[in-house]
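Coordinates as given in data-v4.pdb (PDB, C-alpha atoms, pLDDT in the B column):
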```pdb
ATOM      1  CA  MET A   1     173.403 148.041 -77.081  1.00 80.00           C
ATOM      2  CA  ASN A   2     169.730 148.384 -76.270  1.00 95.00           C
ATOM      3  CA  TYR A   3     167.833 146.059 -73.932  1.00 98.00           C
ATOM      4  CA  PHE A   4     166.211 144.110 -76.744  1.00 97.00           C
ATOM      5  CA  GLU A   5     169.564 143.459 -78.395  1.00 96.00           C
ATOM      6  CA  LEU A   6     171.061 142.552 -75.031  1.00 95.00           C
ATOM      7  CA  LEU A   7     168.466 139.806 -74.563  1.00 96.00           C
ATOM      8  CA  GLY A   8     168.591 138.794 -78.222  1.00 93.00           C
ATOM      9  CA  ILE A   9     164.989 139.658 -79.086  1.00 94.00           C
ATOM     10  CA  ASP A  10     163.368 141.921 -81.645  1.00 95.00           C
ATOM     11  CA  PRO A  11     162.013 145.236 -80.363  1.00 96.00           C
ATOM     12  CA  ALA A  12     158.258 144.966 -79.842  1.00 97.00           C
ATOM     13  CA  PHE A  13     155.632 145.993 -77.364  1.00 98.00           C
ATOM     14  CA  THR A  14     153.766 142.707 -77.515  1.00 97.00           C
ATOM     15  CA  ILE A  15     156.167 140.043 -76.346  1.00 96.00           C
ATOM     16  CA  ASP A  16     155.907 136.494 -75.096  1.00 96.00           C
ATOM     17  CA  ALA A  17     156.620 136.720 -71.356  1.00 96.00           C
ATOM     18  CA  LYS A  18     157.821 133.123 -71.137  1.00 97.00           C
ATOM     19  CA  ALA A  19     160.168 133.570 -74.120  1.00 96.00           C
ATOM     20  CA  LEU A  20     161.502 136.784 -72.560  1.00 97.00           C
ATOM     21  CA  GLU A  21     162.175 134.947 -69.311  1.00 97.00           C
ATOM     22  CA  ASN A  22     163.931 132.123 -71.190  1.00 97.00           C
ATOM     23  CA  ASP A  23     166.105 134.604 -73.113  1.00 96.00           C
ATOM     24  CA  TYR A  24     166.935 136.337 -69.837  1.00 97.00           C
ATOM     25  CA  PHE A  25     168.052 133.081 -68.209  1.00 96.00           C
ATOM     26  CA  ILE A  26     170.159 132.154 -71.240  1.00 95.00           C
ATOM     27  CA  GLN A  27     171.966 135.503 -71.130  1.00 94.00           C
ATOM     28  CA  GLN A  28     172.342 135.360 -67.344  1.00 94.00           C
ATOM     29  CA  ARG A  29     173.975 131.920 -67.574  1.00 93.00           C
ATOM     30  CA  LEU A  30     176.410 133.193 -70.200  1.00 93.00           C
ATOM     31  CA  TYR A  31     177.494 136.218 -68.194  1.00 91.00           C
ATOM     32  CA  HIS A  32     176.950 135.178 -64.598  1.00 86.00           C
ATOM     33  CA  PRO A  33     179.979 136.334 -62.564  1.00 81.00           C
ATOM     34  CA  ASP A  34     180.485 132.821 -61.150  1.00 84.00           C
ATOM     35  CA  ARG A  35     181.491 131.650 -64.638  1.00 89.00           C
ATOM     36  CA  TYR A  36     184.331 134.197 -64.648  1.00 91.00           C
ATOM     37  CA  VAL A  37     186.009 133.356 -61.339  1.00 90.00           C
ATOM     38  CA  LYS A  38     189.219 132.168 -63.015  1.00 91.00           C
ATOM     39  CA  LYS A  39     189.297 134.982 -65.581  1.00 93.00           C
ATOM     40  CA  THR A  40     191.260 138.216 -65.398  1.00 94.00           C
ATOM     41  CA  PRO A  41     189.964 141.038 -63.188  1.00 93.00           C
ATOM     42  CA  ALA A  42     188.979 142.979 -66.317  1.00 94.00           C
ATOM     43  CA  GLU A  43     186.986 140.035 -67.680  1.00 93.00           C
ATOM     44  CA  ARG A  44     185.290 139.541 -64.299  1.00 91.00           C
ATOM     45  CA  GLN A  45     184.373 143.214 -64.205  1.00 93.00           C
ATOM     46  CA  GLN A  46     182.964 143.064 -67.752  1.00 93.00           C
ATOM     47  CA  ALA A  47     180.898 139.974 -66.871  1.00 92.00           C
ATOM     48  CA  LEU A  48     179.575 141.683 -63.751  1.00 92.00           C
ATOM     49  CA  LEU A  49     178.600 144.797 -65.701  1.00 93.00           C
ATOM     50  CA  ARG A  50     176.949 142.680 -68.398  1.00 94.00           C
ATOM     51  CA  SER A  51     175.037 140.736 -65.741  1.00 93.00           C
ATOM     52  CA  VAL A  52     173.770 143.998 -64.210  1.00 94.00           C
ATOM     53  CA  ASP A  53     172.682 145.208 -67.653  1.00 96.00           C
ATOM     54  CA  ILE A  54     170.894 141.922 -68.348  1.00 96.00           C
ATOM     55  CA  ASN A  55     168.990 142.235 -65.061  1.00 96.00           C
ATOM     56  CA  ALA A  56     168.021 145.822 -65.864  1.00 97.00           C
ATOM     57  CA  ALA A  57     166.881 144.808 -69.349  1.00 98.00           C
ATOM     58  CA  TYR A  58     164.695 142.010 -68.030  1.00 98.00           C
ATOM     59  CA  GLU A  59     163.147 144.137 -65.275  1.00 98.00           C
ATOM     60  CA  THR A  60     162.347 146.865 -67.804  1.00 98.00           C
ATOM     61  CA  LEU A  61     160.971 144.670 -70.563  1.00 98.00           C
ATOM     62  CA  LYS A  62     158.866 142.300 -68.468  1.00 98.00           C
ATOM     63  CA  LYS A  63     156.306 144.958 -67.458  1.00 97.00           C
ATOM     64  CA  PRO A  64     154.086 146.667 -70.052  1.00 98.00           C
ATOM     65  CA  GLN A  65     154.461 150.131 -68.526  1.00 97.00           C
ATOM     66  CA  SER A  66     158.255 150.180 -68.385  1.00 97.00           C
ATOM     67  CA  ARG A  67     158.480 148.374 -71.754  1.00 98.00           C
ATOM     68  CA  ALA A  68     156.334 151.088 -73.385  1.00 98.00           C
ATOM     69  CA  GLN A  69     158.422 153.804 -71.763  1.00 98.00           C
ATOM     70  CA  TYR A  70     161.612 152.131 -72.973  1.00 98.00           C
ATOM     71  CA  LEU A  71     160.338 151.731 -76.527  1.00 98.00           C
ATOM     72  CA  LEU A  72     159.416 155.410 -76.536  1.00 98.00           C
ATOM     73  CA  HIS A  73     162.845 156.253 -75.123  1.00 97.00           C
ATOM     74  CA  LEU A  74     164.383 154.485 -78.123  1.00 97.00           C
ATOM     75  CA  GLN A  75     162.409 156.957 -80.267  1.00 97.00           C
ATOM     76  CA  GLY A  76     163.743 159.924 -78.269  1.00 96.00           C
ATOM     77  CA  ILE A  77     160.490 160.369 -76.340  1.00 97.00           C
ATOM     78  CA  GLU A  78     160.693 160.468 -72.559  1.00 96.00           C
ATOM     79  CA  VAL A  79     157.659 159.405 -70.545  1.00 95.00           C
ATOM     80  CA  GLY A  80     157.616 158.641 -66.839  1.00 86.00           C
ATOM     81  CA  THR A  81     160.918 160.359 -66.093  1.00 86.00           C
ATOM     82  CA  GLU A  82     161.959 163.659 -64.600  1.00 86.00           C
ATOM     83  CA  SER A  83     162.733 164.920 -68.094  1.00 89.00           C
ATOM     84  CA  ASP A  84     159.451 163.988 -69.807  1.00 91.00           C
ATOM     85  CA  THR A  85     159.087 165.261 -73.332  1.00 92.00           C
ATOM     86  CA  VAL A  86     155.340 164.512 -73.286  1.00 94.00           C
ATOM     87  CA  LYS A  87     152.815 165.927 -70.878  1.00 92.00           C
ATOM     88  CA  PRO A  88     149.505 164.262 -69.960  1.00 93.00           C
ATOM     89  CA  SER A  89     146.443 165.444 -71.815  1.00 94.00           C
ATOM     90  CA  ARG A  90     143.811 167.496 -70.031  1.00 96.00           C
ATOM     91  CA  THR A  91     141.374 164.607 -70.540  1.00 95.00           C
ATOM     92  CA  LEU A  92     143.734 162.188 -68.765  1.00 95.00           C
ATOM     93  CA  LEU A  93     144.240 164.596 -65.874  1.00 96.00           C
ATOM     94  CA  MET A  94     140.479 165.035 -65.482  1.00 97.00           C
ATOM     95  CA  GLN A  95     139.887 161.266 -65.608  1.00 97.00           C
ATOM     96  CA  THR A  96     142.565 160.705 -62.977  1.00 96.00           C
ATOM     97  CA  LEU A  97     140.979 163.341 -60.757  1.00 97.00           C
ATOM     98  CA  GLN A  98     137.627 161.564 -61.079  1.00 97.00           C
ATOM     99  CA  TRP A  99     139.198 158.232 -60.135  1.00 97.00           C
ATOM    100  CA  ARG A 100     140.883 159.786 -57.104  1.00 96.00           C
ATOM    101  CA  GLU A 101     137.627 161.393 -55.991  1.00 97.00           C
ATOM    102  CA  ALA A 102     135.846 158.046 -56.361  1.00 96.00           C
ATOM    103  CA  ILE A 103     138.484 156.447 -54.131  1.00 96.00           C
ATOM    104  CA  ASP A 104     138.114 159.170 -51.510  1.00 95.00           C
ATOM    105  CA  GLU A 105     134.318 158.908 -51.600  1.00 94.00           C
ATOM    106  CA  ALA A 106     134.188 155.099 -51.490  1.00 94.00           C
ATOM    107  CA  ALA A 107     132.456 154.117 -48.266  1.00 91.00           C
ATOM    108  CA  THR A 108     132.634 150.354 -48.739  1.00 93.00           C
ATOM    109  CA  ALA A 109     135.006 147.704 -49.986  1.00 93.00           C
ATOM    110  CA  ASP A 110     132.461 146.884 -52.707  1.00 94.00           C
ATOM    111  CA  ALA A 111     132.686 150.417 -54.061  1.00 94.00           C
ATOM    112  CA  LEU A 112     136.465 150.102 -54.226  1.00 95.00           C
ATOM    113  CA  THR A 113     136.168 146.699 -55.884  1.00 95.00           C
ATOM    114  CA  GLN A 114     133.919 148.152 -58.584  1.00 96.00           C
ATOM    115  CA  LEU A 115     136.389 150.935 -59.248  1.00 96.00           C
ATOM    116  CA  GLU A 116     139.233 148.437 -59.258  1.00 96.00           C
ATOM    117  CA  GLU A 117     137.429 146.276 -61.823  1.00 97.00           C
ATOM    118  CA  SER A 118     136.880 149.338 -63.975  1.00 96.00           C
ATOM    119  CA  LEU A 119     140.574 150.182 -63.737  1.00 97.00           C
ATOM    120  CA  ASN A 120     141.535 146.595 -64.597  1.00 97.00           C
ATOM    121  CA  ALA A 121     139.468 146.869 -67.774  1.00 98.00           C
ATOM    122  CA  ALA A 122     141.035 150.262 -68.522  1.00 97.00           C
ATOM    123  CA  THR A 123     144.477 148.720 -68.008  1.00 98.00           C
ATOM    124  CA  MET A 124     143.830 145.973 -70.552  1.00 98.00           C
ATOM    125  CA  HIS A 125     142.307 148.415 -73.041  1.00 98.00           C
ATOM    126  CA  THR A 126     145.274 150.775 -72.660  1.00 98.00           C
ATOM    127  CA  ILE A 127     147.819 147.978 -73.106  1.00 98.00           C
ATOM    128  CA  ASP A 128     146.031 146.898 -76.292  1.00 98.00           C
ATOM    129  CA  ALA A 129     146.035 150.494 -77.541  1.00 98.00           C
ATOM    130  CA  ILE A 130     149.753 150.882 -76.833  1.00 98.00           C
ATOM    131  CA  ALA A 131     150.436 147.730 -78.846  1.00 98.00           C
ATOM    132  CA  THR A 132     148.414 149.096 -81.753  1.00 98.00           C
ATOM    133  CA  TYR A 133     150.135 152.470 -81.640  1.00 98.00           C
ATOM    134  CA  TYR A 134     153.551 150.833 -81.482  1.00 98.00           C
ATOM    135  CA  GLU A 135     152.812 148.709 -84.529  1.00 98.00           C
ATOM    136  CA  SER A 136     151.636 151.759 -86.482  1.00 98.00           C
ATOM    137  CA  HIS A 137     154.541 153.908 -85.213  1.00 98.00           C
ATOM    138  CA  ASP A 138     152.125 156.457 -83.771  1.00 98.00           C
ATOM    139  CA  TRP A 139     154.527 157.636 -81.084  1.00 98.00           C
ATOM    140  CA  SER A 140     152.375 160.544 -79.962  1.00 96.00           C
ATOM    141  CA  LEU A 141     149.341 158.394 -79.144  1.00 97.00           C
ATOM    142  CA  MET A 142     151.550 155.670 -77.713  1.00 98.00           C
ATOM    143  CA  ALA A 143     153.135 158.226 -75.382  1.00 97.00           C
ATOM    144  CA  GLN A 144     149.729 159.444 -74.189  1.00 96.00           C
ATOM    145  CA  ASP A 145     148.601 155.897 -73.484  1.00 97.00           C
ATOM    146  CA  ALA A 146     151.893 155.083 -71.745  1.00 98.00           C
ATOM    147  CA  LEU A 147     151.150 158.032 -69.478  1.00 97.00           C
ATOM    148  CA  ARG A 148     147.566 156.815 -69.086  1.00 97.00           C
ATOM    149  CA  LEU A 149     148.819 153.377 -68.049  1.00 98.00           C
ATOM    150  CA  SER A 150     151.090 154.876 -65.399  1.00 96.00           C
ATOM    151  CA  TYR A 151     148.217 156.980 -64.015  1.00 96.00           C
ATOM    152  CA  ILE A 152     145.956 153.915 -63.931  1.00 97.00           C
ATOM    153  CA  LEU A 153     148.576 151.890 -62.069  1.00 97.00           C
ATOM    154  CA  LYS A 154     149.108 154.668 -59.530  1.00 96.00           C
ATOM    155  CA  THR A 155     145.354 154.897 -59.022  1.00 97.00           C
ATOM    156  CA  ARG A 156     145.193 151.142 -58.438  1.00 96.00           C
ATOM    157  CA  GLU A 157     147.906 151.552 -55.793  1.00 96.00           C
ATOM    158  CA  ALA A 158     145.782 154.253 -54.149  1.00 96.00           C
ATOM    159  CA  ILE A 159     142.903 151.762 -53.933  1.00 96.00           C
ATOM    160  CA  THR A 160     145.165 149.266 -52.176  1.00 94.00           C
ATOM    161  CA  ILE A 161     146.126 151.932 -49.648  1.00 94.00           C
ATOM    162  CA  ARG A 162     142.518 153.019 -49.133  1.00 94.00           C
ATOM    163  CA  ARG A 163     141.021 149.518 -48.821  1.00 91.00           C
ATOM    164  CA  PRO A 164     141.847 148.943 -45.105  1.00 90.00           C
ATOM    165  CA  LYS A 165     140.164 152.249 -44.235  1.00 89.00           C
ATOM    166  CA  VAL A 166     136.685 151.376 -45.557  1.00 88.00           C
ATOM    167  CA  LYS A 167     133.934 149.078 -44.279  1.00 84.00           C
ATOM    168  CA  SER A 168     133.874 145.519 -45.538  1.00 76.00           C
TER     169      SER A 168
END
```

Represent the structure contained in this file as structure tokens.
Amino acid sequence: MNYFELLGIDPAFTIDAKALENDYFIQQRLYHPDRYVKKTPAERQQALLRSVDINAAYETLKKPQSRAQYLLHLQGIEVGTESDTVKPSRTLLMQTLQWREAIDEAATADALTQLEESLNAATMHTIDAIATYYESHDWSLMAQDALRLSYILKTREAITIRRPKVKS
């Protein structure tokens, strides 16, 4: 059973976060181990395993990056794992290098804020593109943008690390 089926929702990249959370809580209540205290050991074990799977499904599907990676995984495409079947484009690698250089060269918090704002816009644009590619079943472009999103998020983390080291 895949994560979407487990939570009782249709596979999609664009999902309603509140509805996902509600579906998660419904499933968690059904399979919470406390409800199986008086059941057989096998039934308790099954409920525990189901509860773990429900948690994993929710954690994966609630974030755009991991949701995109999971949807690609369902298509047999691995992105963001040790066994990736897709490699980042040269353009993405060059862009990431430029972002990293901008972080290293930032002398002020304002410079980092500007870069961060640019990355926030790139994040939203990339999420929109992933949604479009998912809807059109363009797995190749979706995979590249899923990689792009992961590189953007890692670059944003680098800004957070760098921020205390620059002048205010």

Query raised in the report: Where does the PyMOL selection byres ((chain A and resi 48-62) around 12) land in this file, that is, which residues does it pick, as a PyMOL selection string?
Result: chain A and resi 1-37+39+41-47+63-71+73

Query raised in the report: Could you work out how far CA of Ile77 in chain A lies from CA of Tyr134 in chain A, giving the answer in Å with one decimal?
Result: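 If I compute the distance from CA of Tyr134 in chain A to CA of Ile77 in chain A, I get 12.9 Å.
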
**Report entry** the PyMOL selection byres ((chain A and resi 83-96) around 10) resolved against shown file, as a list in words
**Finding:**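 Applied to this file, the PyMOL selection byres ((chain A and resi 83-96) around 10) selects His73, Gly76, Ile77, Glu78, Val79, Gly80, Thr81, Glu82, Leu97, Gln98, Trp99, Arg100, Glu101, Ala102, Ser140, Ala143, Gln144, Asp145, Ala146, Leu147, Arg148, Tyr151, Ile152, Lys154 and Thr155 of chain A.
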
Query raised in the report: So what do you get for CA of Glu105 in chain A versus CA of Lys165 in chain A, distance-wise?
Result: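 Going from CA of Glu105 in chain A over to CA of Lys165 in chain A, I get 11.5 Å.
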
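In this structure, CA of Leu119 in chain A sits 28.2 Å away from CA of Gln75 in chain A.
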
Query raised in the report: Can you list, as JSON, numbers by chain, every protein, DNA or RNA residue that comes within 10 Å of Thr123 in chain A when you count all atoms listed in the file, leaving out same-chain residues fewer than 2 positions away?
Result: {"A": [117, 118, 119, 120, 121, 125, 126, 127, 128, 129, 145, 148, 149, 150, 151, 152, 153, 156]}

**Report entry** Residues within 12 Å of Pro164 in chain A, all atoms listed in the file, excluding chain neighbours under 2 positions, as a PyMOL selection string
**Finding:** chain A and resi 106-109+112+158-162+166-168

Would you output range 37-76 of chain A from that structure, restricted to N, CA and C atoms, as an mmCIF file, in the first residue's frame?
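For reference, decode_28.cif as written:
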```cif
data_model
loop_
_atom_site.group_PDB
_atom_site.id
_atom_site.type_symbol
_atom_site.label_atom_id
_atom_site.label_comp_id
_atom_site.auth_asym_id
_atom_site.auth_seq_id
_atom_site.Cartn_x
_atom_site.Cartn_y
_atom_site.Cartn_z
ATOM 1 N N VAL A 37 -4.949 -2.493 23.125
ATOM 2 C CA VAL A 37 -4.389 -3.028 24.371
ATOM 3 C C VAL A 37 -4.968 -4.398 24.704
ATOM 4 N N LYS A 38 -6.246 -4.591 24.489
ATOM 5 C CA LYS A 38 -6.904 -5.848 24.861
ATOM 6 C C LYS A 38 -6.964 -6.856 23.704
ATOM 7 N N LYS A 39 -6.266 -6.553 22.630
ATOM 8 C CA LYS A 39 -6.251 -7.449 21.467
ATOM 9 C C LYS A 39 -5.119 -8.461 21.615
ATOM 10 N N THR A 40 -5.035 -9.367 20.672
ATOM 11 C CA THR A 40 -3.974 -10.376 20.698
ATOM 12 C C THR A 40 -2.632 -9.705 20.413
ATOM 13 N N PRO A 41 -1.538 -10.362 20.801
ATOM 14 C CA PRO A 41 -0.213 -9.788 20.506
ATOM 15 C C PRO A 41 -0.016 -9.528 19.007
ATOM 16 N N ALA A 42 -0.532 -10.408 18.168
ATOM 17 C CA ALA A 42 -0.384 -10.215 16.721
ATOM 18 C C ALA A 42 -1.146 -8.981 16.257
ATOM 19 N N GLU A 43 -2.346 -8.781 16.786
ATOM 20 C CA GLU A 43 -3.133 -7.598 16.415
ATOM 21 C C GLU A 43 -2.471 -6.319 16.922
ATOM 22 N N ARG A 44 -1.908 -6.376 18.122
ATOM 23 C CA ARG A 44 -1.191 -5.208 18.665
ATOM 24 C C ARG A 44 0.016 -4.875 17.795
ATOM 25 N N GLN A 45 0.728 -5.897 17.385
ATOM 26 C CA GLN A 45 1.903 -5.691 16.535
ATOM 27 C C GLN A 45 1.500 -5.084 15.199
ATOM 28 N N GLN A 46 0.423 -5.588 14.602
ATOM 29 C CA GLN A 46 -0.072 -5.053 13.330
ATOM 30 C C GLN A 46 -0.478 -3.587 13.481
ATOM 31 N N ALA A 47 -1.161 -3.261 14.570
ATOM 32 C CA ALA A 47 -1.582 -1.874 14.815
ATOM 33 C C ALA A 47 -0.369 -0.971 14.982
ATOM 34 N N LEU A 48 0.637 -1.458 15.690
ATOM 35 C CA LEU A 48 1.856 -0.677 15.884
ATOM 36 C C LEU A 48 2.555 -0.423 14.548
ATOM 37 N N LEU A 49 2.675 -1.455 13.736
ATOM 38 C CA LEU A 49 3.304 -1.307 12.426
ATOM 39 C C LEU A 49 2.514 -0.347 11.544
ATOM 40 N N ARG A 50 1.194 -0.460 11.592
ATOM 41 C CA ARG A 50 0.343 0.435 10.789
ATOM 42 C C ARG A 50 0.502 1.878 11.268
ATOM 43 N N SER A 51 0.580 2.072 12.565
ATOM 44 C CA SER A 51 0.760 3.407 13.133
ATOM 45 C C SER A 51 2.094 4.015 12.684
ATOM 46 N N VAL A 52 3.138 3.216 12.665
ATOM 47 C CA VAL A 52 4.454 3.675 12.199
ATOM 48 C C VAL A 52 4.370 4.064 10.727
ATOM 49 N N ASP A 53 3.702 3.243 9.931
ATOM 50 C CA ASP A 53 3.545 3.546 8.503
ATOM 51 C C ASP A 53 2.746 4.826 8.283
ATOM 52 N N ILE A 54 1.710 5.020 9.079
ATOM 53 C CA ILE A 54 0.890 6.233 8.965
ATOM 54 C C ILE A 54 1.729 7.462 9.282
ATOM 55 N N ASN A 55 2.551 7.381 10.322
ATOM 56 C CA ASN A 55 3.445 8.501 10.656
ATOM 57 C C ASN A 55 4.417 8.792 9.521
ATOM 58 N N ALA A 56 4.999 7.741 8.958
ATOM 59 C CA ALA A 56 5.946 7.919 7.853
ATOM 60 C C ALA A 56 5.251 8.539 6.642
ATOM 61 N N ALA A 57 4.042 8.095 6.371
ATOM 62 C CA ALA A 57 3.282 8.638 5.234
ATOM 63 C C ALA A 57 3.032 10.127 5.437
ATOM 64 N N TYR A 58 2.579 10.498 6.595
ATOM 65 C CA TYR A 58 2.283 11.907 6.867
ATOM 66 C C TYR A 58 3.539 12.768 6.784
ATOM 67 N N GLU A 59 4.621 12.317 7.390
ATOM 68 C CA GLU A 59 5.872 13.084 7.356
ATOM 69 C C GLU A 59 6.376 13.260 5.932
ATOM 70 N N THR A 60 6.201 12.255 5.099
ATOM 71 C CA THR A 60 6.642 12.322 3.709
ATOM 72 C C THR A 60 5.752 13.232 2.876
ATOM 73 N N LEU A 61 4.457 13.116 3.040
ATOM 74 C CA LEU A 61 3.532 13.829 2.165
ATOM 75 C C LEU A 61 3.290 15.280 2.573
ATOM 76 N N LYS A 62 3.624 15.650 3.790
ATOM 77 C CA LYS A 62 3.316 17.021 4.216
ATOM 78 C C LYS A 62 4.296 18.058 3.671
ATOM 79 N N LYS A 63 5.468 17.644 3.223
ATOM 80 C CA LYS A 63 6.463 18.583 2.703
ATOM 81 C C LYS A 63 6.583 18.430 1.188
ATOM 82 N N PRO A 64 6.594 19.552 0.466
ATOM 83 C CA PRO A 64 6.658 19.471 -1.005
ATOM 84 C C PRO A 64 7.855 18.680 -1.538
ATOM 85 N N GLN A 65 9.024 18.856 -0.929
ATOM 86 C CA GLN A 65 10.206 18.170 -1.435
ATOM 87 C C GLN A 65 10.059 16.653 -1.309
ATOM 88 N N SER A 66 9.745 16.175 -0.123
ATOM 89 C CA SER A 66 9.634 14.726 0.057
ATOM 90 C C SER A 66 8.412 14.167 -0.679
ATOM 91 N N ARG A 67 7.346 14.955 -0.803
ATOM 92 C CA ARG A 67 6.172 14.515 -1.564
ATOM 93 C C ARG A 67 6.537 14.330 -3.034
ATOM 94 N N ALA A 68 7.276 15.276 -3.605
ATOM 95 C CA ALA A 68 7.712 15.158 -5.005
ATOM 96 C C ALA A 68 8.598 13.931 -5.183
ATOM 97 N N GLN A 69 9.527 13.747 -4.261
ATOM 98 C CA GLN A 69 10.419 12.589 -4.346
ATOM 99 C C GLN A 69 9.622 11.282 -4.262
ATOM 100 N N TYR A 70 8.618 11.261 -3.402
ATOM 101 C CA TYR A 70 7.806 10.055 -3.254
ATOM 102 C C TYR A 70 6.977 9.783 -4.509
ATOM 103 N N LEU A 71 6.380 10.831 -5.054
ATOM 104 C CA LEU A 71 5.607 10.661 -6.289
ATOM 105 C C LEU A 71 6.490 10.146 -7.425
ATOM 106 N N LEU A 72 7.702 10.655 -7.496
ATOM 107 C CA LEU A 72 8.644 10.159 -8.504
ATOM 108 C C LEU A 72 9.014 8.703 -8.218
ATOM 109 N N HIS A 73 9.211 8.387 -6.958
ATOM 110 C CA HIS A 73 9.518 7.009 -6.560
ATOM 111 C C HIS A 73 8.431 6.055 -7.052
ATOM 112 N N LEU A 74 7.172 6.492 -6.945
ATOM 113 C CA LEU A 74 6.065 5.661 -7.426
ATOM 114 C C LEU A 74 6.145 5.422 -8.931
ATOM 115 N N GLN A 75 6.872 6.289 -9.632
ATOM 116 C CA GLN A 75 7.078 6.136 -11.080
ATOM 117 C C GLN A 75 8.385 5.393 -11.393
ATOM 118 N N GLY A 76 9.082 4.943 -10.348
ATOM 119 C CA GLY A 76 10.344 4.236 -10.535
ATOM 120 C C GLY A 76 11.531 5.166 -10.712
#
```
